[in-house]
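S.K.: So I've got this file, coords-v4.pdb, and it contains PDB, C-alpha atoms:
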ATOM      1  CA  MET A1100     -54.520-203.753-115.441
ATOM      2  CA  ARG A1101     -53.482-205.627-112.320
ATOM      3  CA  LEU A1102     -49.846-206.690-112.126
ATOM      4  CA  THR A1103     -48.641-209.437-109.807
ATOM      5  CA  LYS A1104     -44.932-209.749-109.203
ATOM      6  CA  LEU A1105     -43.623-213.266-108.652
ATOM      7  CA  GLU A1106     -40.078-214.352-107.825
ATOM      8  CA  HIS A1107     -37.248-212.870-109.866
ATOM      9  CA  ALA A1108     -38.380-211.656-113.314
ATOM     10  CA  ALA A1109     -41.776-213.387-113.571
ATOM     11  CA  LEU A1110     -44.859-211.202-113.886
ATOM     12  CA  ILE A1111     -48.583-211.827-114.249
ATOM     13  CA  ILE A1112     -50.720-209.077-115.808
ATOM     14  CA  GLU A1113     -54.513-209.352-115.812
ATOM     15  CA  GLN A1114     -57.097-207.306-117.687
ATOM     16  CA  ASN A1115     -60.701-207.997-118.734
ATOM     17  CA  GLY A1116     -60.503-211.562-117.440
ATOM     18  CA  GLU A1117     -57.416-212.353-119.544
ATOM     19  CA  THR A1118     -53.879-213.042-118.365
ATOM     20  CA  LEU A1119     -50.438-212.235-119.753
ATOM     21  CA  ILE A1120     -47.339-213.907-118.303
ATOM     22  CA  ILE A1121     -43.809-212.574-118.684
ATOM     23  CA  ASP A1122     -40.561-214.504-118.064
ATOM     24  CA  PRO A1123     -41.567-217.581-116.022
ATOM     25  CA  GLY A1124     -38.096-218.879-115.166
ATOM     26  CA  SER A1125     -36.159-221.220-112.945
ATOM     27  CA  PHE A1126     -36.110-218.919-109.887
ATOM     28  CA  THR A1127     -39.904-218.647-109.901
ATOM     29  CA  ARG A1128     -42.507-220.891-108.244
ATOM     30  CA  PRO A1129     -44.209-223.425-110.597
ATOM     31  CA  MET A1130     -46.956-221.585-112.492
ATOM     32  CA  THR A1131     -49.364-224.472-113.030
ATOM     33  CA  ASP A1132     -52.438-222.763-111.546
ATOM     34  CA  VAL A1133     -52.588-219.619-113.715
ATOM     35  CA  GLU A1134     -55.824-219.385-115.702
ATOM     36  CA  SER A1135     -57.112-217.538-118.775
ATOM     37  CA  VAL A1136     -53.603-217.078-120.184
ATOM     38  CA  VAL A1137     -53.654-215.604-123.691
ATOM     39  CA  ALA A1138     -49.892-215.129-124.099
ATOM     40  CA  VAL A1139     -46.482-215.693-122.539
ATOM     41  CA  VAL A1140     -43.640-213.296-123.381
ATOM     42  CA  ILE A1141     -40.087-214.576-122.952
ATOM     43  CA  THR A1142     -37.580-211.750-123.219
ATOM     44  CA  HIS A1143     -34.512-213.959-123.767
ATOM     45  CA  GLU A1144     -33.203-217.505-123.577
ATOM     46  CA  HIS A1145     -31.529-217.627-120.140
ATOM     47  CA  ALA A1146     -33.042-220.161-117.761
ATOM     48  CA  ASP A1147     -33.901-217.639-115.060
ATOM     49  CA  HIS A1148     -36.436-216.240-117.566
ATOM     50  CA  TRP A1149     -37.964-219.444-118.920
ATOM     51  CA  THR A1150     -37.869-223.215-118.497
ATOM     52  CA  ALA A1151     -39.557-225.969-120.446
ATOM     53  CA  GLU A1152     -41.240-227.120-117.226
ATOM     54  CA  GLN A1153     -42.752-223.688-116.600
ATOM     55  CA  LEU A1154     -44.064-223.344-120.153
ATOM     56  CA  THR A1155     -45.396-226.896-120.250
ATOM     57  CA  GLY A1156     -47.183-226.319-116.947
ATOM     58  CA  ILE A1157     -48.759-223.104-118.171
ATOM     59  CA  LEU A1158     -49.857-224.594-121.492
ATOM     60  CA  ALA A1159     -51.389-227.632-119.781
ATOM     61  CA  GLY A1160     -54.196-225.421-118.484
ATOM     62  CA  ASN A1161     -54.099-222.806-121.234
ATOM     63  CA  ALA A1162     -53.758-224.687-124.511
ATOM     64  CA  GLY A1163     -54.489-221.654-126.691
ATOM     65  CA  ALA A1164     -51.859-219.377-125.177
ATOM     66  CA  ARG A1165     -49.367-217.873-127.618
ATOM     67  CA  LEU A1166     -45.666-217.946-126.804
ATOM     68  CA  LEU A1167     -43.675-214.907-127.952
ATOM     69  CA  GLY A1168     -39.929-214.274-127.907
ATOM     70  CA  PRO A1169     -36.876-213.228-129.949
ATOM     71  CA  ALA A1170     -34.961-215.508-132.322
ATOM     72  CA  GLY A1171     -32.744-216.973-129.601
ATOM     73  CA  VAL A1172     -35.800-218.020-127.621
ATOM     74  CA  VAL A1173     -37.403-219.558-130.704
ATOM     75  CA  ALA A1174     -34.326-221.751-131.191
ATOM     76  CA  ALA A1175     -33.911-222.668-127.512
ATOM     77  CA  THR A1176     -37.560-223.625-127.011
ATOM     78  CA  ALA A1177     -37.695-225.621-130.253
ATOM     79  CA  ALA A1178     -35.097-227.957-128.775
ATOM     80  CA  ALA A1179     -37.589-228.591-125.973
ATOM     81  CA  GLY A1180     -40.434-229.280-128.408
ATOM     82  CA  LEU A1181     -42.141-225.918-127.904
ATOM     83  CA  THR A1182     -43.233-223.439-130.572
ATOM     84  CA  VAL A1183     -42.570-219.742-129.987
ATOM     85  CA  GLU A1184     -43.565-216.944-132.363
ATOM     86  CA  GLN A1185     -40.595-214.707-133.120
ATOM     87  CA  VAL A1186     -40.847-211.031-132.188
ATOM     88  CA  ASP A1187     -38.220-208.378-132.832
ATOM     89  CA  ALA A1188     -37.601-204.795-131.819
ATOM     90  CA  GLY A1189     -40.137-202.601-133.589
ATOM     91  CA  ASP A1190     -42.873-205.253-133.682
ATOM     92  CA  THR A1191     -46.352-204.740-132.260
ATOM     93  CA  VAL A1192     -48.551-207.720-131.410
ATOM     94  CA  THR A1193     -52.118-207.647-130.108
ATOM     95  CA  VAL A1194     -53.256-210.642-128.085
ATOM     96  CA  GLY A1195     -56.674-210.413-126.480
ATOM     97  CA  SER A1196     -56.751-207.341-124.243
ATOM     98  CA  PHE A1197     -53.005-206.744-124.545
ATOM     99  CA  THR A1198     -51.114-204.664-127.080
ATOM    100  CA  LEU A1199     -47.429-205.553-126.889
ATOM    101  CA  ARG A1200     -44.699-203.354-128.367
ATOM    102  CA  PHE A1201     -41.150-204.680-128.469
ATOM    103  CA  PHE A1202     -37.878-202.783-128.072
ATOM    104  CA  GLY A1203     -34.144-203.377-127.854
ATOM    105  CA  GLY A1204     -32.741-206.515-129.419
ATOM    106  CA  ARG A1205     -29.708-207.550-127.365
ATOM    107  CA  HIS A1206     -28.954-208.642-123.809
ATOM    108  CA  ALA A1207     -26.679-206.444-121.694
ATOM    109  CA  VAL A1208     -23.023-207.543-121.732
ATOM    110  CA  ILE A1209     -22.133-209.841-118.824
ATOM    111  CA  HIS A1210     -18.475-210.400-119.752
ATOM    112  CA  GLU A1211     -16.489-210.533-122.974
ATOM    113  CA  SER A1212     -16.161-214.314-122.522
ATOM    114  CA  ILE A1213     -19.947-214.827-122.511
ATOM    115  CA  PRO A1214     -21.940-214.568-125.770
ATOM    116  CA  VAL A1215     -24.487-211.761-125.977
ATOM    117  CA  VAL A1216     -27.927-213.221-126.721
ATOM    118  CA  ASP A1217     -31.125-211.825-128.212
ATOM    119  CA  ASN A1218     -33.315-209.880-125.792
ATOM    120  CA  VAL A1219     -36.469-207.807-126.226
ATOM    121  CA  GLY A1220     -38.103-205.329-123.907
ATOM    122  CA  VAL A1221     -41.889-205.242-123.868
ATOM    123  CA  LEU A1222     -44.324-202.346-123.439
ATOM    124  CA  VAL A1223     -47.792-203.536-122.397
ATOM    125  CA  ASN A1224     -50.807-201.431-123.383
ATOM    126  CA  ASP A1225     -48.560-198.345-123.632
ATOM    127  CA  ARG A1226     -48.364-198.216-119.831
ATOM    128  CA  PHE A1227     -46.090-200.864-118.344
ATOM    129  CA  TYR A1228     -42.516-201.410-119.517
ATOM    130  CA  TYR A1229     -40.011-204.175-118.776
ATOM    131  CA  ALA A1230     -36.734-204.346-120.706
ATOM    132  CA  GLY A1231     -35.704-207.913-119.908
ATOM    133  CA  ASP A1232     -31.971-208.078-119.217
ATOM    134  CA  SER A1233     -31.111-204.698-120.676
ATOM    135  CA  PHE A1234     -31.354-200.988-120.042
ATOM    136  CA  THR A1235     -33.118-200.243-123.321
ATOM    137  CA  ILE A1236     -35.167-197.058-123.134
ATOM    138  CA  PRO A1237     -38.325-197.056-125.294
ATOM    139  CA  ASP A1238     -37.928-193.909-127.357
ATOM    140  CA  GLY A1239     -40.932-191.618-127.540
ATOM    141  CA  VAL A1240     -42.857-193.463-124.814
ATOM    142  CA  GLU A1241     -44.164-191.967-121.581
ATOM    143  CA  VAL A1242     -43.916-194.967-119.261
ATOM    144  CA  ASP A1243     -46.448-195.138-116.422
ATOM    145  CA  THR A1244     -44.968-198.150-114.622
ATOM    146  CA  LEU A1245     -41.422-199.512-114.888
ATOM    147  CA  ALA A1246     -39.912-202.805-113.746
ATOM    148  CA  ALA A1247     -36.329-201.869-112.850
ATOM    149  CA  PRO A1248     -33.633-204.538-112.375
ATOM    150  CA  ALA A1249     -32.412-204.765-108.789
ATOM    151  CA  GLY A1250     -29.396-207.047-109.157
ATOM    152  CA  ALA A1251     -27.637-209.091-111.842
ATOM    153  CA  PRO A1252     -24.160-210.108-113.045
ATOM    154  CA  TRP A1253     -24.647-207.715-115.976
ATOM    155  CA  MET A1254     -25.289-204.535-113.953
ATOM    156  CA  LYS A1255     -24.328-202.313-111.062
ATOM    157  CA  VAL A1256     -26.744-200.316-108.954
ATOM    158  CA  ALA A1257     -25.645-196.973-110.463
ATOM    159  CA  GLU A1258     -26.822-198.178-113.863
ATOM    160  CA  THR A1259     -30.326-199.071-112.730
ATOM    161  CA  MET A1260     -30.566-195.768-110.865
ATOM    162  CA  ASP A1261     -29.614-193.829-114.008
ATOM    163  CA  TYR A1262     -32.013-195.968-116.038
ATOM    164  CA  ALA A1263     -34.966-195.232-113.748
ATOM    165  CA  VAL A1264     -34.142-191.514-113.751
ATOM    166  CA  ALA A1265     -33.900-191.459-117.556
ATOM    167  CA  ILE A1266     -37.300-193.102-118.014
ATOM    168  CA  GLY A1267     -39.021-191.050-115.317
ATOM    169  CA  ALA A1268     -41.938-193.413-114.752
ATOM    170  CA  LYS A1269     -44.733-192.576-112.325
ATOM    171  CA  ASN A1270     -44.341-195.973-110.679
ATOM    172  CA  VAL A1271     -41.214-198.110-110.294
ATOM    173  CA  PHE A1272     -40.791-201.548-108.736
ATOM    174  CA  PRO A1273     -37.870-204.009-108.544
ATOM    175  CA  THR A1274     -37.369-207.058-110.702
ATOM    176  CA  HIS A1275     -34.518-209.568-111.175
ATOM    177  CA  GLU A1276     -33.880-209.590-107.421
ATOM    178  CA  MET A1277     -33.534-213.293-106.532
ATOM    179  CA  VAL A1278     -29.757-213.076-106.933
ATOM    180  CA  LEU A1279     -29.662-210.706-103.927
ATOM    181  CA  SER A1280     -29.686-211.322-100.190
ATOM    182  CA  ARG A1281     -32.239-209.536 -98.016
ATOM    183  CA  ALA A1282     -29.614-206.895 -97.276
ATOM    184  CA  GLY A1283     -28.918-206.523-100.996
ATOM    185  CA  LYS A1284     -32.615-206.114-101.785
ATOM    186  CA  ASP A1285     -32.977-203.419 -99.133
ATOM    187  CA  LEU A1286     -29.965-201.555-100.479
ATOM    188  CA  SER A1287     -31.234-201.686-104.058
ATOM    189  CA  ASN A1288     -34.738-200.650-102.981
ATOM    190  CA  GLY A1289     -33.311-197.608-101.240
ATOM    191  CA  ARG A1290     -31.350-196.527-104.305
ATOM    192  CA  LEU A1291     -34.322-197.073-106.626
ATOM    193  CA  THR A1292     -36.561-195.105-104.265
ATOM    194  CA  TRP A1293     -34.237-192.131-104.719
ATOM    195  CA  ALA A1294     -34.172-192.625-108.501
ATOM    196  CA  ALA A1295     -37.968-192.830-108.811
ATOM    197  CA  GLU A1296     -38.426-189.691-106.743
ATOM    198  CA  GLN A1297     -36.163-187.630-109.021
ATOM    199  CA  GLY A1298     -38.933-187.502-111.614
ATOM    200  CA  GLY A1299     -41.767-187.235-109.110
ATOM    201  CA  GLY A1300     -42.486-190.963-109.227
ATOM    202  CA  THR A1301     -43.161-193.509-106.518
ATOM    203  CA  PHE A1302     -41.147-196.639-105.768
ATOM    204  CA  HIS A1303     -43.069-199.766-104.761
ATOM    205  CA  ALA A1304     -40.959-202.368-102.936
ATOM    206  CA  LEU A1305     -42.969-205.297-104.289
ATOM    207  CA  GLU A1306     -42.200-208.754-102.931
ATOM    208  CA  PRO A1307     -43.213-212.013-104.655
ATOM    209  CA  GLY A1308     -47.004-212.256-104.609
ATOM    210  CA  ASP A1309     -47.591-208.498-104.248
ATOM    211  CA  THR A1310     -49.872-206.713-106.707
ATOM    212  CA  LEU A1311     -49.987-203.272-108.273
ATOM    213  CA  ASP A1312     -52.916-201.746-110.139
ATOM    214  CA  ILE A1313     -51.759-199.824-113.224
TER
END
Represent the supplied structure as structure tokens.

M.R.:
Amino acid sequence: MRLTKLEHAALIIEQNGETLIIDPGSFTRPMTDVESVVAVVITHEHADHWTAEQLTGILAGNAGARLLGPAGVVAATAAAGLTVEQVDAGDTVTVGSFTLRFFGGRHAVIHESIPVVDNVGVLVNDRFYYAGDSFTIPDGVEVDTLAAPAGAPWMKVAETMDYAVAIGAKNVFPTHEMVLSRAGKDLSNGRLTWAAEQGGGTFHALEPGDTLDI
């Protein structure tokens, strides 16, 4: 698989001429030129992880692509005239070359005044794992490559360090970083480098547009 990191939480994964997109949101460049898309996974309903404009643009060139997300995403996208297939923790879905296993169920707490929404993490082909806006650990899974959150109103850097150490992936790269300044990104990258190395892994300081072969 070849993974391309875009801005913030958006990812493109390609295998056997097919494309999977994850979390094309409001902090990400318009994704109107992506081809051969078989599925789009939306981990939760917040706008930095999906917008109607992004999904409409993707579907315009990929009419057969399936949209997958938890119940909150199904409801939010329906209001925009889009149809998303509901997935829950424990589900496994095969789409083209991609086997998707879902974990978790709830977004990390931001503040007691803000409702906690549905959120699923996704394991792609038993190799790459991304938990959306959570620190859910996929039990019984040996993760090859992990997308670790770099900055968010629902986390502190110690939590993502502990998370990366607990999973012990061979490869780690940052996601959810568009809320950080350049100095903030560098700080987070340094801490995640340490965390990845604790289990003998390697940290990859991917920037938008960079690729990683898994």

S.K.: Exactly which residues make up the result of the PyMOL selection byres ((chain A and resi 1280-1290) around 7) on this file, given as an MDAnalysis selection string?

M.R.: chainID A and resid 1249 1256 1260 1276 1278:1279 1291:1294 1304

S.K.: Which residues match the PyMOL selection byres ((chain A and resi 1200) around 7) in the file above, as a PyMOL selection string?

M.R.: chain A and resi 1189-1192+1198-1199+1201-1202+1221-1223

S.K.: Output C-alpha atoms for every residue in that selection, as a short mmCIF file (atom, residue, chain, number, x, y, z; two decimals), in the frame of the given file.

M.R.:
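Output file again_23.cif is given in full below:
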data_model
loop_
_atom_site.label_atom_id
_atom_site.label_comp_id
_atom_site.auth_asym_id
_atom_site.auth_seq_id
_atom_site.Cartn_x
_atom_site.Cartn_y
_atom_site.Cartn_z
CA GLY A 1189 -40.14 -202.60 -133.59
CA ASP A 1190 -42.87 -205.25 -133.68
CA THR A 1191 -46.35 -204.74 -132.26
CA VAL A 1192 -48.55 -207.72 -131.41
CA THR A 1198 -51.11 -204.66 -127.08
CA LEU A 1199 -47.43 -205.55 -126.89
CA PHE A 1201 -41.15 -204.68 -128.47
CA PHE A 1202 -37.88 -202.78 -128.07
CA VAL A 1221 -41.89 -205.24 -123.87
CA LEU A 1222 -44.32 -202.35 -123.44
CA VAL A 1223 -47.79 -203.54 -122.40
#

S.K.: Give me the residues near Leu1311 of chain A as number ranges by chain, where near means some atom within 12 Å (using all atoms listed in the file) and where sequence neighbours in that chain fewer than 3 positions away do not count.

M.R.: A: 1100-1105, 1110-1113, 1227, 1244-1246, 1270-1272, 1302-1308

S.K.: Counting all atoms listed in the file, which of A:Val1242, A:Ala1230, A:Ile1209, A:Ile1266 gets nearest to Met1254 of chain A?

M.R.: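 For Met1254 of chain A, the nearest of the candidates is A:Ile1209.
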
S.K.: Provide an axis-aligned box for all listed atoms of segment 1171-1175 of chain A, padding each side by 8 Å; report its centre and its edge lengths in Å to one decimal, as AutoDock Vina command-line options.

M.R.:
--center_x -35.1 --center_y -219.8 --center_z -129.4 --size_x 20.7 --size_y 21.7 --size_z 19.7

S.K.: What is the distance, in Å and to one decimal place, between atom CA of His1206 of chain A and atom CA of Ala1170 of chain A?

M.R.: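 Between atom CA of His1206 of chain A and atom CA of Ala1170 of chain A the gap is 12.5 Å.
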
S.K.: List as a ChimeraX atom specification the residues having at least one atom at most 12 Å from position (-51.4, -220.6, -132.1) as given in the file, counting all atoms listed in the file.

M.R.: /A:1137-1139,1158,1161-1167,1181-1184,1194

S.K.: Identify all residues satisfying the PyMOL selection byres ((chain A and resi 1144) around 8) in the given file; provide them as a PDB file with C-alpha atoms, keeping the file's coordinate frame.

M.R.:
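part.pdb was written with the following content:
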ATOM      1  CA  ILE A1141     -40.087-214.576-122.952  1.00  0.00           C
ATOM      2  CA  THR A1142     -37.580-211.750-123.219  1.00  0.00           C
ATOM      3  CA  HIS A1143     -34.512-213.959-123.767  1.00  0.00           C
ATOM      4  CA  HIS A1145     -31.529-217.627-120.140  1.00  0.00           C
ATOM      5  CA  ALA A1146     -33.042-220.161-117.761  1.00  0.00           C
ATOM      6  CA  HIS A1148     -36.436-216.240-117.566  1.00  0.00           C
ATOM      7  CA  TRP A1149     -37.964-219.444-118.920  1.00  0.00           C
ATOM      8  CA  GLY A1171     -32.744-216.973-129.601  1.00  0.00           C
ATOM      9  CA  VAL A1172     -35.800-218.020-127.621  1.00  0.00           C
ATOM     10  CA  ALA A1175     -33.911-222.668-127.512  1.00  0.00           C
ATOM     11  CA  VAL A1216     -27.927-213.221-126.721  1.00  0.00           C
ATOM     12  CA  ASP A1217     -31.125-211.825-128.212  1.00  0.00           C
ATOM     13  CA  ASN A1218     -33.315-209.880-125.792  1.00  0.00           C
TER      14      ASN A1218
END

S.K.: Which value, in Å to one decimal, gives the distance between atom CA of Ala1207 of chain A and atom CA of Asp1309 of chain A?

M.R.: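 Distance reported for this atom pair: 27.3 Å.
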
S.K.: For the atom pair atom CA of Val1215 of chain A and atom CA of Asp1187 of chain A, what is the interatomic distance in Å to one decimal place?

M.R.: 15.7 Å

S.K.: Which residues are near Ala1108 of chain A? Cut-off 6 Å, all atoms listed in the file, ignore same chain within fewer than 2 positions. Put them as a list in words.

M.R.: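 Contacts, in chain order: Asp1122, Thr1274 and His1275 of chain A.
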
S.K.: Which one is closest to Ser1196 of chain A: A:Thr1118, A:Ser1233, A:Ser1125, A:Thr1155? Count only C-alpha atoms.

M.R.: A:Thr1118
